[in-house]
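File shown: structure36.cif (mmCIF, C-alpha atoms).
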data_query
#
loop_
_atom_site.label_atom_id
_atom_site.label_comp_id
_atom_site.auth_asym_id
_atom_site.auth_seq_id
_atom_site.Cartn_x
_atom_site.Cartn_y
_atom_site.Cartn_z
CA MET A 14 120.83 118.33 87.81
CA THR A 15 117.81 116.03 87.98
CA THR A 16 114.63 116.44 85.99
CA PRO A 17 111.81 117.54 88.27
CA ALA A 18 109.28 114.73 88.87
CA GLN A 19 106.24 115.01 86.61
CA PRO A 20 102.86 115.64 88.24
CA LEU A 21 100.31 112.83 88.25
CA ASP A 22 97.47 113.39 85.78
CA PHE A 23 94.11 112.88 87.48
CA TYR A 24 91.13 112.60 85.12
CA PHE A 25 87.66 112.48 86.65
CA ASP A 26 83.99 113.26 86.12
CA PHE A 27 82.17 115.07 88.94
CA ALA A 28 79.32 112.58 88.47
CA SER A 29 81.62 109.70 89.48
CA PRO A 30 81.52 108.49 93.10
CA TYR A 31 84.81 106.65 92.71
CA GLY A 32 86.24 109.93 91.41
CA TYR A 33 85.09 111.47 94.69
CA PHE A 34 86.97 108.82 96.69
CA ALA A 35 90.14 109.50 94.70
CA ALA A 36 89.71 113.28 94.92
CA MET A 37 89.67 113.15 98.71
CA THR A 38 93.04 111.37 98.96
CA ILE A 39 95.13 111.75 95.80
CA ASP A 40 96.95 114.99 96.67
CA GLU A 41 98.15 113.54 99.97
CA LEU A 42 99.09 110.26 98.31
CA ALA A 43 101.20 112.08 95.71
CA ALA A 44 102.76 114.37 98.32
CA ARG A 45 104.01 111.34 100.27
CA HIS A 46 106.21 110.65 97.24
CA GLY A 47 107.22 114.23 96.48
CA ARG A 48 104.71 114.58 93.67
CA THR A 49 101.92 116.95 92.78
CA VAL A 50 98.70 116.24 90.90
CA ALA A 51 97.28 117.95 87.81
CA TRP A 52 93.48 117.76 88.04
CA HIS A 53 91.50 117.29 84.83
CA PRO A 54 87.70 117.24 85.16
CA MET A 55 86.20 115.77 81.99
CA LEU A 56 82.93 114.47 80.62
CA LEU A 57 82.61 110.71 80.61
CA GLY A 58 79.32 111.05 78.73
CA ALA A 59 81.26 112.23 75.67
CA VAL A 60 83.47 109.13 75.91
CA PHE A 61 80.43 106.85 76.24
CA LYS A 62 78.86 108.51 73.20
CA THR A 63 82.01 107.96 71.13
CA THR A 64 82.61 104.38 72.26
CA GLY A 65 78.95 103.30 72.33
CA VAL A 66 79.32 102.13 75.94
CA SER A 67 76.72 103.03 78.58
CA ALA A 68 77.44 104.57 81.99
CA THR A 69 78.18 101.87 84.58
CA VAL A 70 75.34 102.96 86.84
CA LEU A 71 72.87 102.47 83.98
CA ARG A 72 73.97 98.89 83.18
CA PRO A 73 71.73 96.01 84.32
CA LEU A 74 72.89 94.29 87.56
CA GLN A 75 76.14 96.29 87.54
CA GLY A 76 74.25 99.52 88.20
CA ASP A 77 72.60 98.06 91.31
CA TYR A 78 75.94 96.75 92.51
CA LEU A 79 77.60 100.13 91.97
CA ARG A 80 75.02 101.84 94.16
CA TYR A 81 75.64 99.30 96.91
CA ASP A 82 79.42 99.16 96.52
CA VAL A 83 79.77 102.95 96.65
CA VAL A 84 77.96 103.16 100.00
CA ARG A 85 79.90 100.22 101.46
CA SER A 86 83.23 101.50 100.09
CA ALA A 87 82.62 104.96 101.56
CA ARG A 88 82.24 103.35 104.99
CA TYR A 89 85.36 101.27 104.30
CA TYR A 90 87.39 104.39 103.39
CA GLY A 91 85.86 106.37 106.27
CA LEU A 92 84.48 109.01 103.90
CA PRO A 93 81.07 110.66 104.42
CA LEU A 94 78.49 109.88 101.73
CA THR A 95 74.97 111.07 100.97
CA TRP A 96 73.43 109.63 97.83
CA PRO A 97 72.80 112.55 95.45
CA THR A 98 69.24 113.56 94.63
CA VAL A 99 70.19 113.38 90.94
CA MET A 100 72.69 110.81 89.66
CA PRO A 101 74.43 110.65 87.24
CA ILE A 102 74.51 114.42 86.77
CA ASN A 103 75.63 116.25 83.66
CA ALA A 104 78.90 117.77 84.86
CA VAL A 105 79.33 120.50 82.23
CA ALA A 106 78.73 123.44 84.61
CA PRO A 107 80.98 122.31 87.50
CA SER A 108 83.71 121.28 85.04
CA ARG A 109 83.63 124.63 83.24
CA ALA A 110 83.69 126.39 86.60
CA TYR A 111 86.89 124.50 87.37
CA TYR A 112 88.56 125.54 84.09
CA TRP A 113 87.52 129.16 84.47
CA THR A 114 88.96 129.22 88.00
CA VAL A 115 92.19 127.41 87.13
CA SER A 116 93.00 130.06 84.53
CA ARG A 117 93.04 132.59 87.39
CA ASP A 118 94.20 130.67 90.48
CA ALA A 119 95.23 127.01 90.35
CA GLY A 120 95.05 126.52 94.12
CA LEU A 121 91.58 127.99 94.29
CA ALA A 122 90.45 125.76 91.41
CA ARG A 123 91.67 122.70 93.35
CA ALA A 124 89.71 123.89 96.39
CA LEU A 125 86.65 124.42 94.18
CA ALA A 126 86.86 120.91 92.73
CA LYS A 127 87.00 119.43 96.23
CA ALA A 128 84.14 121.65 97.44
CA LEU A 129 82.02 120.61 94.45
CA TYR A 130 82.73 116.94 95.09
CA ARG A 131 81.81 117.38 98.76
CA ALA A 132 78.57 119.19 97.87
CA HIS A 133 77.58 116.43 95.46
CA TRP A 134 78.74 113.28 97.27
CA GLN A 135 78.89 114.30 100.93
CA GLU A 136 75.77 116.48 100.99
CA GLY A 137 73.93 114.84 98.09
CA ARG A 138 73.32 118.14 96.30
CA ASP A 139 72.60 118.35 92.59
CA ILE A 140 75.57 120.37 91.27
CA SER A 141 74.65 120.17 87.59
CA GLY A 142 73.19 123.70 87.45
CA ILE A 143 75.21 126.90 87.41
CA ASP A 144 73.23 128.22 90.41
CA ALA A 145 74.39 125.37 92.62
CA VAL A 146 77.94 125.66 91.28
CA ALA A 147 78.05 129.41 91.91
CA ASP A 148 76.73 128.85 95.43
CA VAL A 149 79.48 126.32 96.22
CA ALA A 150 82.07 128.64 94.65
CA ALA A 151 80.87 131.59 96.71
CA GLY A 152 81.29 129.43 99.80
CA ILE A 153 85.06 129.33 99.24
CA GLY A 154 85.38 133.01 98.37
CA ILE A 155 84.98 132.95 94.58
CA ASP A 156 83.02 135.84 93.03
CA ALA A 157 79.78 134.12 91.98
CA ASP A 158 78.82 136.73 89.35
CA ALA A 159 82.27 136.63 87.73
CA LEU A 160 82.06 132.83 87.65
CA ARG A 161 78.59 132.89 86.07
CA SER A 162 79.82 134.94 83.15
CA GLY A 163 83.23 133.24 83.12
CA VAL A 164 81.83 129.79 82.35
CA GLN A 165 80.34 131.26 79.16
CA GLU A 166 83.75 132.27 77.78
CA PRO A 167 84.71 130.37 74.61
CA ALA A 168 88.18 129.62 76.02
CA VAL A 169 86.62 127.96 79.09
CA LYS A 170 84.26 125.83 77.01
CA GLU A 171 87.20 124.89 74.82
CA ALA A 172 89.34 123.93 77.84
CA LEU A 173 86.75 121.35 78.90
CA ARG A 174 86.40 119.99 75.37
CA ALA A 175 90.19 119.74 75.05
CA ALA A 176 90.51 117.94 78.39
CA THR A 177 87.85 115.42 77.38
CA ASP A 178 89.47 114.88 73.97
CA ALA A 179 92.91 114.50 75.55
CA ALA A 180 91.53 111.99 78.05
CA MET A 181 89.94 109.92 75.30
CA ALA A 182 93.15 110.05 73.24
CA ARG A 183 95.00 108.64 76.26
CA GLY A 184 92.53 105.76 76.57
CA VAL A 185 90.43 107.10 79.46
CA PHE A 186 87.05 105.32 79.58
CA GLY A 187 86.13 105.66 83.26
CA SER A 188 86.61 107.77 86.36
CA PRO A 189 88.93 108.15 88.14
CA PHE A 190 91.81 107.56 85.73
CA ILE A 191 95.31 108.38 86.93
CA PHE A 192 98.55 108.57 84.93
CA VAL A 193 101.90 108.20 86.68
CA ASP A 194 104.80 108.84 84.31
CA GLY A 195 102.68 107.63 81.39
CA GLU A 196 101.34 104.59 83.25
CA GLY A 197 97.53 104.64 83.36
CA PHE A 198 95.47 103.29 86.28
CA TRP A 199 91.67 103.10 86.31
CA GLY A 200 89.61 103.18 89.47
CA ALA A 201 89.81 104.27 93.09
CA ASP A 202 90.77 100.68 93.93
CA ARG A 203 93.95 101.09 91.85
CA LEU A 204 95.26 103.87 94.13
CA VAL A 205 97.02 101.07 96.03
CA GLN A 206 98.95 100.23 92.86
CA VAL A 207 99.48 103.94 92.09
CA GLU A 208 101.13 104.31 95.47
CA GLY A 209 103.18 101.16 94.90
CA TRP A 210 104.30 102.50 91.52
CA LEU A 211 105.40 105.81 93.08
CA ALA A 212 107.19 104.08 95.94
CA ARG A 213 109.05 101.55 93.79
CA GLY A 214 109.25 103.39 90.48
CA GLY A 215 107.34 100.58 88.79
CA TRP A 216 107.60 96.81 89.10
CA MET B 149 76.46 75.96 120.56
CA THR B 150 77.44 78.32 117.79
CA THR B 151 76.30 78.05 114.18
CA PRO B 152 79.20 76.93 111.99
CA ALA B 153 80.49 79.74 109.80
CA GLN B 154 79.08 79.65 106.27
CA PRO B 155 81.49 79.06 103.39
CA LEU B 156 82.24 81.94 101.04
CA ASP B 157 80.57 81.60 97.62
CA PHE B 158 83.09 82.15 94.85
CA TYR B 159 81.59 82.64 91.37
CA PHE B 160 83.96 82.81 88.43
CA ASP B 161 84.37 82.18 84.70
CA PHE B 162 87.48 80.30 83.58
CA ALA B 163 87.85 82.91 80.82
CA SER B 164 88.34 85.64 83.43
CA PRO B 165 91.90 86.69 84.29
CA TYR B 166 90.74 88.43 87.46
CA GLY B 167 89.01 85.17 88.37
CA TYR B 168 92.42 83.52 88.02
CA PHE B 169 93.96 86.02 90.45
CA ALA B 170 91.20 85.32 92.98
CA ALA B 171 91.38 81.55 92.47
CA MET B 172 95.07 81.51 93.39
CA THR B 173 94.51 83.15 96.79
CA ILE B 174 90.91 82.85 97.99
CA ASP B 175 91.18 79.51 99.83
CA GLU B 176 94.11 80.77 101.88
CA LEU B 177 92.37 84.09 102.51
CA ALA B 178 89.25 82.33 103.81
CA ALA B 179 91.30 79.87 105.89
CA ARG B 180 92.97 82.76 107.72
CA HIS B 181 89.50 83.51 109.12
CA GLY B 182 88.39 79.93 109.74
CA ARG B 183 86.30 79.81 106.58
CA THR B 184 86.07 77.57 103.56
CA VAL B 185 85.11 78.48 100.00
CA ALA B 186 82.41 76.98 97.76
CA TRP B 187 83.63 77.27 94.17
CA HIS B 188 81.04 77.95 91.45
CA PRO B 189 82.33 78.12 87.88
CA MET B 190 79.69 79.78 85.69
CA LEU B 191 79.27 81.25 82.23
CA LEU B 192 79.49 85.02 82.07
CA GLY B 193 78.49 84.88 78.41
CA ALA B 194 75.01 83.79 79.46
CA VAL B 195 74.78 86.79 81.79
CA PHE B 196 75.95 89.16 79.05
CA LYS B 197 73.36 87.71 76.68
CA THR B 198 70.57 88.24 79.21
CA THR B 199 71.63 91.73 80.25
CA GLY B 200 72.68 92.95 76.79
CA VAL B 201 76.11 93.92 78.11
CA SER B 202 79.30 93.01 76.23
CA ALA B 203 82.34 91.29 77.73
CA THR B 204 84.77 93.81 79.22
CA VAL B 205 87.64 92.73 77.00
CA LEU B 206 85.52 93.45 73.92
CA ARG B 207 84.59 97.01 74.93
CA PRO B 208 86.36 99.92 73.19
CA LEU B 209 89.25 101.43 75.19
CA GLN B 210 88.34 99.31 78.26
CA GLY B 211 89.34 96.12 76.45
CA ASP B 212 92.82 97.50 75.70
CA TYR B 213 93.16 98.65 79.29
CA LEU B 214 92.12 95.24 80.62
CA ARG B 215 94.83 93.51 78.60
CA TYR B 216 97.41 95.91 80.01
CA ASP B 217 96.07 95.93 83.56
CA VAL B 218 95.99 92.13 83.77
CA VAL B 219 99.67 91.84 82.86
CA ARG B 220 100.68 94.63 85.24
CA SER B 221 98.48 93.28 88.05
CA ALA B 222 99.93 89.78 87.67
CA ARG B 223 103.39 91.26 88.25
CA TYR B 224 102.00 93.25 91.18
CA TYR B 225 100.50 90.11 92.77
CA GLY B 226 103.59 88.06 91.94
CA LEU B 227 101.57 85.58 89.88
CA PRO B 228 102.87 84.01 86.65
CA LEU B 229 100.97 85.01 83.52
CA THR B 230 101.09 84.01 79.86
CA TRP B 231 98.51 85.63 77.65
CA PRO B 232 96.26 82.84 76.30
CA THR B 233 96.34 82.01 72.61
CA VAL B 234 92.54 82.31 72.59
CA MET B 235 90.74 84.86 74.79
CA PRO B 236 87.98 85.07 75.87
CA ILE B 237 87.37 81.32 75.67
CA ASN B 238 84.00 79.60 75.87
CA ALA B 239 84.27 77.90 79.27
CA VAL B 240 81.52 75.27 78.89
CA ALA B 241 83.87 72.26 78.78
CA PRO B 242 86.13 73.17 81.73
CA SER B 243 83.09 74.22 83.80
CA ARG B 244 81.24 70.97 83.11
CA ALA B 245 84.42 69.05 83.95
CA TYR B 246 84.40 70.80 87.32
CA TYR B 247 80.78 69.87 88.04
CA TRP B 248 81.30 66.25 86.97
CA THR B 249 84.34 65.99 89.26
CA VAL B 250 82.73 67.75 92.23
CA SER B 251 79.90 65.19 92.25
CA ARG B 252 82.57 62.52 92.91
CA ASP B 253 85.33 64.27 94.89
CA ALA B 254 85.09 67.88 96.02
CA GLY B 255 88.78 68.19 96.83
CA LEU B 256 89.79 66.84 93.45
CA ALA B 257 87.37 69.23 91.74
CA ARG B 258 89.06 72.14 93.52
CA ALA B 259 92.45 70.88 92.35
CA LEU B 260 91.07 70.57 88.82
CA ALA B 261 89.74 74.14 88.82
CA LYS B 262 93.14 75.44 89.89
CA ALA B 263 94.95 73.26 87.35
CA LEU B 264 92.64 74.51 84.58
CA TYR B 265 93.21 78.14 85.60
CA ARG B 266 96.97 77.54 85.61
CA ALA B 267 96.88 75.89 82.18
CA HIS B 268 94.90 78.81 80.74
CA TRP B 269 96.47 81.82 82.46
CA GLN B 270 99.94 80.64 83.49
CA GLU B 271 100.70 78.56 80.39
CA GLY B 272 98.45 80.40 77.95
CA ARG B 273 96.74 77.21 76.75
CA ASP B 274 93.32 77.20 75.11
CA ILE B 275 91.24 75.12 77.54
CA SER B 276 87.92 75.54 75.74
CA GLY B 277 88.01 72.09 74.12
CA ILE B 278 87.36 68.81 75.93
CA ASP B 279 90.73 67.41 74.72
CA ALA B 280 92.65 70.12 76.53
CA VAL B 281 90.44 69.78 79.62
CA ALA B 282 90.89 65.99 79.71
CA ASP B 283 94.64 66.44 79.36
CA VAL B 284 94.80 68.83 82.32
CA ALA B 285 92.53 66.50 84.33
CA ALA B 286 94.74 63.50 83.56
CA GLY B 287 97.68 65.51 84.84
CA ILE B 288 96.18 65.51 88.34
CA GLY B 289 95.12 61.86 88.27
CA ILE B 290 91.58 62.11 86.91
CA ASP B 291 90.48 59.34 84.49
CA ALA B 292 90.35 61.22 81.18
CA ASP B 293 87.98 58.79 79.46
CA ALA B 294 85.52 58.83 82.37
CA LEU B 295 85.63 62.63 82.33
CA ARG B 296 85.00 62.78 78.57
CA SER B 297 81.77 60.82 78.93
CA GLY B 298 80.94 62.39 82.29
CA VAL B 299 80.69 65.93 80.90
CA GLN B 300 77.93 64.67 78.59
CA GLU B 301 75.67 63.61 81.49
CA PRO B 302 72.44 65.62 81.69
CA ALA B 303 72.93 66.18 85.44
CA VAL B 304 76.35 67.72 84.79
CA LYS B 305 75.04 70.04 82.08
CA GLU B 306 72.20 70.98 84.40
CA ALA B 307 74.60 71.72 87.29
CA LEU B 308 76.37 74.34 85.17
CA ARG B 309 73.09 75.87 83.99
CA ALA B 310 71.84 76.00 87.58
CA ALA B 311 75.04 77.64 88.83
CA THR B 312 74.85 80.28 86.12
CA ASP B 313 71.16 80.94 86.83
CA ALA B 314 71.81 81.13 90.58
CA ALA B 315 74.67 83.55 89.99
CA MET B 316 72.49 85.81 87.85
CA ALA B 317 69.68 85.66 90.42
CA ARG B 318 72.17 86.87 93.05
CA GLY B 319 73.21 89.81 90.85
CA VAL B 320 76.49 88.42 89.52
CA PHE B 321 77.53 90.29 86.36
CA GLY B 322 81.30 89.82 86.39
CA SER B 323 84.11 87.56 87.54
CA PRO B 324 85.22 87.00 90.21
CA PHE B 325 82.18 87.61 92.41
CA ILE B 326 82.41 86.61 96.07
CA PHE B 327 79.65 86.42 98.68
CA VAL B 328 80.51 86.59 102.37
CA ASP B 329 77.46 85.97 104.56
CA GLY B 330 75.20 87.37 101.83
CA GLU B 331 77.46 90.36 101.14
CA GLY B 332 78.53 90.45 97.47
CA PHE B 333 81.92 91.73 96.29
CA TRP B 334 82.94 92.05 92.64
CA GLY B 335 86.51 91.88 91.43
CA ALA B 336 89.92 90.61 92.51
CA ASP B 337 90.62 94.12 93.79
CA ARG B 338 87.79 93.70 96.32
CA LEU B 339 89.56 90.78 98.04
CA VAL B 340 91.04 93.42 100.35
CA GLN B 341 87.50 94.35 101.45
CA VAL B 342 86.49 90.66 101.61
CA GLU B 343 89.33 90.08 104.05
CA GLY B 344 88.36 93.18 106.02
CA TRP B 345 84.77 91.96 106.19
CA LEU B 346 85.87 88.55 107.50
CA ALA B 347 88.23 90.09 110.03
CA ARG B 348 85.79 92.66 111.39
CA GLY B 349 82.46 90.96 110.68
CA GLY B 350 81.41 93.89 108.51
CA TRP B 351 81.80 97.64 109.00
#
Translate the structure described by the file into structure tokens.
Amino acid sequence: MTTPAQPLDFYFDFASPYGYFAAMTIDELAARHGRTVAWHPMLLGAVFKTTGVSATVLRPLQGDYLRYDVVRSARYYGLPLTWPTVMPINAVAPSRAYYWTVSRDAGLARALAKALYRAHWQEGRDISGIDAVADVAAGIGIDADALRSGVQEPAVKEALRAATDAAMARGVFGSPFIFVDGEGFWGADRLVQVEGWLARGGW
Amino acid sequence: MTTPAQPLDFYFDFASPYGYFAAMTIDELAARHGRTVAWHPMLLGAVFKTTGVSATVLRPLQGDYLRYDVVRSARYYGLPLTWPTVMPINAVAPSRAYYWTVSRDAGLARALAKALYRAHWQEGRDISGIDAVADVAAGIGIDADALRSGVQEPAVKEALRAATDAAMARGVFGSPFIFVDGEGFWGADRLVQVEGWLARGGW
């Protein structure tokens, strides 16, 4: 009897464009190697507050580069991109919506996360408010009223806090951050190494 | 008559491990597309001072990750790596040695830059002092005494200042930073896109 392969842990912030790139491909990447992915939306802002580091997009020079690199990388990956009207957003509402949904239907929560990323990074919509989140959720068949009250549940708020704390405890400081059998990789550009690690079982 | 292809501009700090990765492959990468590379050692510390940003390796969480990622990436790229005894070094002396040498023999200066990177990142030597730099230079046939006095020349000091200022003016905030026909790419992990840009003439 063999131990079933562990899922990849995928930490991300909905405000992160590189998280969007990873979100659009990571399930298929993992599936090519017989793996699944556990999605963990979290709040990078909480990490920045704890570590005293500022968001990349707000750093001098680097922020300008990020804006340029994201657009050019989207074309390179062949992924649609519309620069959001508001960026970086506060991702509390979309993240809580994910944790409320996952407690009821994991597959639907995955679909919601992807729909939220598409709304924000493909359509450029501001998804920081619960109205926008509920609208996106309704678009994939989630009961918008149930979601609106669901995100207020203490257990849902706690799930997001716990995910963010767990991420920080594992050394996550950026998005996306992917763990493969305990091995942590930061950045959409490390998906090449993630795939190599899965294919070869390390190197 | 066609305009000759412009060389790539390669900005780097000798203290940067990702600069080392790029330095070991960029000439060959460019040559595959009929291009040459202009090497520009510069001082990231001056950029950090101006922008108020701290060196990556000194940031909480991210610094620990960098140390791990560098070792793992070296194995991934198949490049030797010994963690330097001192890191990050102040790269004034090796950078000035490059600019003194380039004013006399461009090919030898290129060889010196690679030898300095190997001494620092393959052998783990501290190359911040002029003694270590002169020793490495002597190893590739450069007159150590001439180099020791050469790095004190005002024109050599000015060449390094000018390179650092030019880099900052072009938006360089990290190492390596590569420009292809005005298009800037940050990071050894962007060499894949650099090669794509050369092959396709953009996208």
Picked residues, the PyMOL selection byres ((chain B and resi 216-230) around 9), as a VMD selection string: (chain A and resid 197 to 199 206 209 216) or (chain B and resid 165 to 166 169 172 211 to 215 231 to 233 266 268 to 273)
Residues of chain A at most 6 Å from chain B: nearest atom pair and distance in Å, only C-alpha atoms, as a Markdown table:
| residue | atom | partner | partner_atom | distance |
| --- | --- | --- | --- | --- |
| A:Thr64 | CA | B:Pro208 | CA | 5.9 |
| A:Pro73 | CA | B:Thr199 | CA | 5.9 |
| A:Leu74 | CA | B:Gly319 | CA | 5.6 |
| A:Gly184 | CA | B:Leu209 | CA | 5.6 |
Ground truth for the PyMOL selection byres ((chain B and resi 246-260) around 10), written as a ChimeraX atom specification: /B:171,175,185-189,240-245,261-266,281,284-290,294-301,303-308,311
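Put simply, CA of Pro324 in chain B is 4.6 Å away from CA of Gly167 in chain B.
Relative to CA of Ser323 in chain B, CA of Met55 in chain A is found at 28.8 Å.
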Atom-to-atom span, CA of Thr184 in chain B and CA of Gly349 in chain B, Å: 15.6 Å
Given all atoms listed in the file as the counted atoms, nearest of A:Val193, A:Thr177, A:Ala35, A:Gly142 to Ala212 in chain A: A:Val193
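Selection result for the displayed file, with the PyMOL selection byres ((chain B and resi 237) around 6) as criterion, is B:Ala163, B:Met235, B:Pro236, B:Asn238, B:Ala239, B:Ser276.
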What would range 186-212 of chain A look like with N, CA and C atoms restored, written as a compact mmCIF listing (two decimals), keeping the file's coordinate frame?
# COMPACT_ATOMS: atom_id res chain seq x y z
N PHE A 186 88.43 105.76 79.84
CA PHE A 186 87.05 105.32 79.58
C PHE A 186 86.23 105.29 80.86
N GLY A 187 86.83 105.69 81.97
CA GLY A 187 86.13 105.66 83.26
C GLY A 187 86.75 106.66 84.20
N SER A 188 86.16 106.79 85.38
CA SER A 188 86.61 107.77 86.36
C SER A 188 86.69 107.12 87.72
N PRO A 189 87.77 107.34 88.48
CA PRO A 189 88.93 108.15 88.14
C PRO A 189 89.92 107.39 87.27
N PHE A 190 90.74 108.13 86.56
CA PHE A 190 91.81 107.56 85.73
C PHE A 190 93.06 108.37 86.02
N ILE A 191 94.11 107.70 86.45
CA ILE A 191 95.31 108.38 86.93
C ILE A 191 96.52 107.93 86.12
N PHE A 192 97.30 108.89 85.64
CA PHE A 192 98.55 108.57 84.93
C PHE A 192 99.75 108.94 85.80
N VAL A 193 100.65 107.99 85.96
CA VAL A 193 101.90 108.20 86.68
C VAL A 193 103.03 107.94 85.70
N ASP A 194 103.71 109.00 85.28
CA ASP A 194 104.80 108.84 84.31
C ASP A 194 104.36 108.00 83.11
N GLY A 195 103.17 108.31 82.59
CA GLY A 195 102.68 107.63 81.39
C GLY A 195 101.95 106.33 81.65
N GLU A 196 102.00 105.86 82.89
CA GLU A 196 101.34 104.59 83.25
C GLU A 196 99.92 104.89 83.72
N GLY A 197 98.92 104.33 83.04
CA GLY A 197 97.53 104.64 83.36
C GLY A 197 96.90 103.64 84.31
N PHE A 198 96.17 104.14 85.31
CA PHE A 198 95.47 103.29 86.28
C PHE A 198 94.02 103.74 86.37
N TRP A 199 93.10 102.80 86.25
CA TRP A 199 91.67 103.10 86.31
C TRP A 199 91.07 102.65 87.64
N GLY A 200 90.38 103.57 88.30
CA GLY A 200 89.61 103.18 89.47
C GLY A 200 90.23 103.57 90.79
N ALA A 201 89.35 103.93 91.75
CA ALA A 201 89.81 104.27 93.09
C ALA A 201 90.52 103.08 93.72
N ASP A 202 90.13 101.85 93.34
CA ASP A 202 90.77 100.68 93.93
C ASP A 202 92.17 100.45 93.40
N ARG A 203 92.57 101.20 92.35
CA ARG A 203 93.95 101.09 91.85
C ARG A 203 94.89 102.09 92.52
N LEU A 204 94.37 102.92 93.45
CA LEU A 204 95.26 103.87 94.13
C LEU A 204 96.34 103.12 94.93
N VAL A 205 96.03 101.90 95.34
CA VAL A 205 97.02 101.07 96.03
C VAL A 205 98.19 100.79 95.09
N GLN A 206 97.88 100.47 93.84
CA GLN A 206 98.95 100.23 92.86
C GLN A 206 99.64 101.54 92.48
N VAL A 207 98.87 102.63 92.39
CA VAL A 207 99.48 103.94 92.09
C VAL A 207 100.53 104.26 93.14
N GLU A 208 100.17 104.03 94.40
CA GLU A 208 101.13 104.31 95.47
C GLU A 208 102.34 103.38 95.38
N GLY A 209 102.09 102.11 95.06
CA GLY A 209 103.18 101.16 94.90
C GLY A 209 104.12 101.58 93.77
N TRP A 210 103.52 102.07 92.68
CA TRP A 210 104.30 102.50 91.52
C TRP A 210 105.20 103.68 91.90
N LEU A 211 104.62 104.64 92.66
CA LEU A 211 105.40 105.81 93.08
C LEU A 211 106.52 105.40 94.03
N ALA A 212 106.21 104.48 94.93
CA ALA A 212 107.19 104.08 95.94
C ALA A 212 108.36 103.32 95.31
